[in-house]
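S.K.: Just passing along the structure, written as structure tokens.
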Amino acid sequence: MTYPALPWHRELATHPLQLELRPVASRDVSGLLILDQVLAEEDMTSADGIESVPRNEAEMRIKLTPWWQHSSSIDKGIYLVVAVSVPSGTIPILASGELHRLPVAKMRHVGVLSVGVHPEFRRRGLGQAIVEGLISWAEAHNITRIELYVRQDNHAARALYTKLGFTLEGQRHHSIQLPNGTLMDDLIMARVSSLVASR
Ligand SMILES: CC(C)(COP(=O)(O)OP(=O)(O)OC[C@H]1O[C@@H](n2cnc3c(N)ncnc32)[C@H](O)[C@@H]1OP(=O)(O)O)[C@@H](O)C(=O)NCCC(=O)NCCS
């Protein structure tokens with residue numbers, strides 16, 4: 001399986017970092033813990049908040065182990081990272097994304113997607129590269145519908161998904177309560193592969 005080329009044509013072309021887009025591996029535990037904690041503090045995801053983030057490396061390893069054990073499995077899905085190539089030590093993870101296949105027999109053609117990019121590395125094409133990688137994997141593994149929830153006020157994510165062919169399917173009113181008590185809607189977006197859509 002090959003993944004889309006990272007966007008070297010943008011700012012990263014002049015950036016000194018050597019990056020790779022690849023499935024998660026056991027050596028990514030520390031880097032992913034840092035990324036997930038940064039993203040959880042920001043809390044722009046639809047459902048998972050800070051309470052679902054592993055608190056330490058042991059918990060992170062437990063969460064990730066099924067992914068590298070089955071990273072090429074058509075049964076589970078795929079977990080991709082954008083990692084900085086470093087010779088040793090903690091590998092910085094700049095972005096990650098997950099696509100998991102629904103386990104119910106009649107919905108095994110459906111995948112649920114999530115993505116996050118470190119705040120300091122946004123608007124460089126990394127989110128797009130991750131989502132394109134997840135879409136490629138889905139299309140190669142008979143997942144013809146990819147769906148997700150996105151907060152209504154998450155304009156960056158909505159723009160990314162729209163650019164990559166996701167369309168709005170619905171709205172869940174007051175589905176999220178922010179820490180200050182404000183009730184927020186989220187949106188259901190999905191991308192149905194053109195093969196199926198044209199039937
Ligand atoms: C949403 C997110 C993943 C985008 O990642 P990114 O690496 O900054 O996005 P990219 O640079 O790949 O942008 C690709 C496209 O997305 C859209 N986009 C991304 N960020 C945007 C922003 N802040 N405003 C408007 N459009 C934006 C644009 O269409 C962009 O294409 P362009 O560069 O040709 O204009 C990132 O903002 C993020 O991690 N947010 C917090 C976590 C999150 O919200 N995850 C999704 C939960 S549903």
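Starting from 1 in every chain, residues are counted up; chains themselves are A, B, ... following the order of the structure tokens, and ligands are numbered from 1 as listed.
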When the cut-off is 7 Å and you count only C-alpha atoms and all ligand atoms, which residues lie near ligand 1, shown as a short mmCIF file (atom, residue, chain, number, x, y, z; two decimals) with C-alpha atoms, in the first residue's frame?
M.R.:
data_model
loop_
_atom_site.label_atom_id
_atom_site.label_comp_id
_atom_site.auth_asym_id
_atom_site.auth_seq_id
_atom_site.Cartn_x
_atom_site.Cartn_y
_atom_site.Cartn_z
CA LEU A 39 -5.26 18.07 20.66
CA MET A 44 -12.17 20.58 18.73
CA THR A 45 -13.32 17.03 18.16
CA SER A 46 -16.99 16.21 18.09
CA SER A 114 -10.92 11.14 12.55
CA VAL A 115 -7.85 13.35 12.05
CA GLY A 116 -5.74 15.81 14.03
CA VAL A 117 -2.69 17.96 13.25
CA HIS A 118 -0.41 19.60 15.82
CA PRO A 119 -1.41 23.29 16.04
CA PHE A 121 2.06 22.46 11.84
CA ARG A 122 -1.33 23.35 10.40
CA ARG A 123 -2.06 24.81 6.96
CA ARG A 124 0.85 22.91 5.44
CA GLY A 125 -1.16 20.11 3.85
CA LEU A 126 -0.64 17.50 6.55
CA GLY A 127 -4.33 17.09 7.41
CA GLN A 128 -5.14 16.67 3.75
CA ALA A 129 -2.33 14.13 3.29
CA LEU A 148 -17.74 11.40 10.65
CA TYR A 149 -19.13 13.96 13.07
CA VAL A 150 -17.68 17.45 13.11
CA ARG A 151 -18.51 20.33 15.41
CA ASN A 154 -14.95 23.66 13.41
CA HIS A 155 -14.55 25.59 10.16
CA ALA A 156 -11.07 24.24 9.41
CA ALA A 157 -12.15 20.60 9.55
CA ALA A 159 -13.40 22.97 4.86
CA LEU A 160 -10.92 20.09 4.72
CA LYS A 163 -12.47 19.84 -0.23
#
S.K.: Using backbone DSSP assignments, extract all alpha helix (DSSP H) residues from stretch 91-155 of chain A; output them as a VMD selection string.
M.R.: chain A and resid 126 to 140 155
S.K.: Would you put the residues from that selection into a file with N, CA and C atoms, as a compact mmCIF listing (two decimals), in the first residue's frame?
M.R.:
# COMPACT_ATOMS: atom_id res chain seq x y z
N LEU A 126 -0.77 18.79 5.86
CA LEU A 126 -0.64 17.50 6.55
C LEU A 126 -2.00 16.85 6.80
N GLY A 127 -2.99 17.65 7.20
CA GLY A 127 -4.33 17.09 7.41
C GLY A 127 -4.87 16.48 6.13
N GLN A 128 -4.68 17.19 5.04
CA GLN A 128 -5.14 16.67 3.75
C GLN A 128 -4.42 15.38 3.39
N ALA A 129 -3.10 15.34 3.63
CA ALA A 129 -2.33 14.13 3.29
C ALA A 129 -2.83 12.93 4.10
N ILE A 130 -3.12 13.16 5.38
CA ILE A 130 -3.63 12.06 6.22
C ILE A 130 -5.00 11.59 5.71
N VAL A 131 -5.91 12.53 5.46
CA VAL A 131 -7.25 12.11 5.04
C VAL A 131 -7.20 11.44 3.67
N GLU A 132 -6.37 11.95 2.77
CA GLU A 132 -6.23 11.28 1.46
C GLU A 132 -5.67 9.87 1.64
N GLY A 133 -4.75 9.71 2.58
CA GLY A 133 -4.20 8.37 2.85
C GLY A 133 -5.28 7.43 3.37
N LEU A 134 -6.14 7.95 4.25
CA LEU A 134 -7.22 7.12 4.80
C LEU A 134 -8.23 6.77 3.70
N ILE A 135 -8.52 7.74 2.83
CA ILE A 135 -9.46 7.46 1.73
C ILE A 135 -8.88 6.40 0.80
N SER A 136 -7.59 6.53 0.48
CA SER A 136 -6.95 5.53 -0.40
C SER A 136 -7.05 4.13 0.20
N TRP A 137 -6.76 4.07 1.51
CA TRP A 137 -6.82 2.77 2.17
C TRP A 137 -8.25 2.22 2.11
N ALA A 138 -9.23 3.10 2.40
CA ALA A 138 -10.63 2.66 2.39
C ALA A 138 -11.00 2.12 1.01
N GLU A 139 -10.64 2.86 -0.03
CA GLU A 139 -11.04 2.44 -1.38
C GLU A 139 -10.38 1.12 -1.76
N ALA A 140 -9.18 0.89 -1.24
CA ALA A 140 -8.48 -0.37 -1.55
C ALA A 140 -9.02 -1.54 -0.74
N HIS A 155 -14.56 25.19 11.57
CA HIS A 155 -14.55 25.59 10.16
C HIS A 155 -13.37 24.98 9.40
S.K.: Neighbours of stretch 50-65 of chain A within 10 Å (only C-alpha atoms; same-chain residues fewer than 3 positions away dropped), as a PyMOL selection string?
M.R.: chain A and resi 24-34+36-43+45+47+68-71+79
S.K.: Determine which residues of stretch 127-180 of chain A receive a DSSP assignment of strand (DSSP E or B), computed from the backbone, and state them as a VMD selection string.
M.R.: chain A and resid 145 to 151 167 to 177
S.K.: One decimal, Å: what's the distance from atom CA of A:Gln18 over to atom CA of A:Gly97, could you say?
M.R.: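 Atom CA of A:Gly97 lies at a distance of 19.1 Å from atom CA of A:Gln18.
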S.K.: Which residues come within 12 Å of A:Ser193, counting only C-alpha atoms, excluding same-chain residues fewer than 6 positions away, as a ChimeraX atom specification?
M.R.: /A:109-111,135-136,138-140,142-147,164-167,199
S.K.: Since we have the selection now, will you write its residues out, keeping N, CA and C atoms, as an mmCIF file, in the first residue's frame?
M.R.:
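Output (part_6.cif):
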data_model
loop_
_atom_site.group_PDB
_atom_site.id
_atom_site.type_symbol
_atom_site.label_atom_id
_atom_site.label_comp_id
_atom_site.auth_asym_id
_atom_site.auth_seq_id
_atom_site.Cartn_x
_atom_site.Cartn_y
_atom_site.Cartn_z
ATOM 1 N N HIS A 109 -18.989 -2.050 5.001
ATOM 2 C CA HIS A 109 -18.514 -1.167 3.929
ATOM 3 C C HIS A 109 -18.397 0.279 4.428
ATOM 4 N N VAL A 110 -18.649 0.501 5.729
ATOM 5 C CA VAL A 110 -18.641 1.853 6.296
ATOM 6 C C VAL A 110 -17.421 2.024 7.197
ATOM 7 N N GLY A 111 -16.736 3.156 7.039
ATOM 8 C CA GLY A 111 -15.613 3.480 7.907
ATOM 9 C C GLY A 111 -15.870 4.813 8.595
ATOM 10 N N ILE A 135 -8.519 7.737 2.826
ATOM 11 C CA ILE A 135 -9.461 7.464 1.726
ATOM 12 C C ILE A 135 -8.879 6.398 0.795
ATOM 13 N N SER A 136 -7.585 6.526 0.480
ATOM 14 C CA SER A 136 -6.948 5.526 -0.401
ATOM 15 C C SER A 136 -7.045 4.130 0.198
ATOM 16 N N ALA A 138 -9.228 3.097 2.399
ATOM 17 C CA ALA A 138 -10.630 2.662 2.386
ATOM 18 C C ALA A 138 -11.002 2.116 1.012
ATOM 19 N N GLU A 139 -10.642 2.863 -0.029
ATOM 20 C CA GLU A 139 -11.035 2.440 -1.378
ATOM 21 C C GLU A 139 -10.382 1.120 -1.764
ATOM 22 N N ALA A 140 -9.176 0.888 -1.241
ATOM 23 C CA ALA A 140 -8.483 -0.369 -1.552
ATOM 24 C C ALA A 140 -9.017 -1.539 -0.737
ATOM 25 N N ASN A 142 -12.482 -1.986 0.166
ATOM 26 C CA ASN A 142 -13.943 -2.141 0.057
ATOM 27 C C ASN A 142 -14.740 -1.351 1.083
ATOM 28 N N ILE A 143 -14.189 -0.254 1.548
ATOM 29 C CA ILE A 143 -14.990 0.670 2.360
ATOM 30 C C ILE A 143 -15.468 1.754 1.407
ATOM 31 N N THR A 144 -16.759 1.777 1.153
ATOM 32 C CA THR A 144 -17.289 2.674 0.123
ATOM 33 C C THR A 144 -17.989 3.885 0.718
ATOM 34 N N ARG A 145 -18.174 3.868 2.023
ATOM 35 C CA ARG A 145 -18.754 5.041 2.694
ATOM 36 C C ARG A 145 -17.875 5.396 3.893
ATOM 37 N N ILE A 146 -17.432 6.662 3.947
ATOM 38 C CA ILE A 146 -16.657 7.138 5.094
ATOM 39 C C ILE A 146 -17.484 8.234 5.755
ATOM 40 N N GLU A 147 -17.665 8.122 7.078
ATOM 41 C CA GLU A 147 -18.507 9.101 7.755
ATOM 42 C C GLU A 147 -17.818 9.654 8.991
ATOM 43 N N LEU A 164 -12.305 17.452 0.169
ATOM 44 C CA LEU A 164 -11.984 16.070 -0.207
ATOM 45 C C LEU A 164 -13.230 15.240 -0.521
ATOM 46 N N GLY A 165 -14.363 15.908 -0.750
ATOM 47 C CA GLY A 165 -15.527 15.200 -1.288
ATOM 48 C C GLY A 165 -16.557 14.763 -0.278
ATOM 49 N N PHE A 166 -16.408 15.169 0.987
ATOM 50 C CA PHE A 166 -17.429 14.855 1.985
ATOM 51 C C PHE A 166 -18.581 15.849 1.832
ATOM 52 N N THR A 167 -19.801 15.358 2.051
ATOM 53 C CA THR A 167 -20.958 16.248 1.974
ATOM 54 C C THR A 167 -21.733 16.188 3.289
ATOM 55 N N ARG A 199 -24.336 3.970 -8.894
ATOM 56 C CA ARG A 199 -25.185 2.806 -9.159
ATOM 57 C C ARG A 199 -26.650 3.161 -9.159
#
S.K.: With distances taken over only C-alpha atoms, which residue among A:Gln152, A:Thr162, A:Ser194, A:Thr90 lies nearest A:Ser175?
M.R.: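 The shortest atom-to-atom distance to A:Ser175 comes from A:Gln152.
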S.K.: Report, in Å to a single decimal, how far apart atom CA of A:Tyr161 and atom CA of A:Met189 are.
M.R.: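 So the two atoms, atom CA of A:Met189 and atom CA of A:Tyr161, lie 8.0 Å apart.
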S.K.: Calculate how many Å separate atom CA of A:Gly170 from atom CA of A:Leu113, rounding to one decimal.
M.R.: 16.4 Å
S.K.: Can you work out which one of A:Ala105, A:Ile78, A:Ile176, A:Val86 has the shortest atom-to-atom distance to A:Pro66, counting only C-alpha atoms?
M.R.: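 When distances to A:Pro66 are compared using only C-alpha atoms, the smallest one comes from A:Ile78.
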S.K.: For A:Trp67, which residue among A:Pro103, A:Pro23, A:Pro92, A:Pro87 is the nearest when counting only C-alpha atoms?
M.R.: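 The closest residue to A:Trp67 is A:Pro23.
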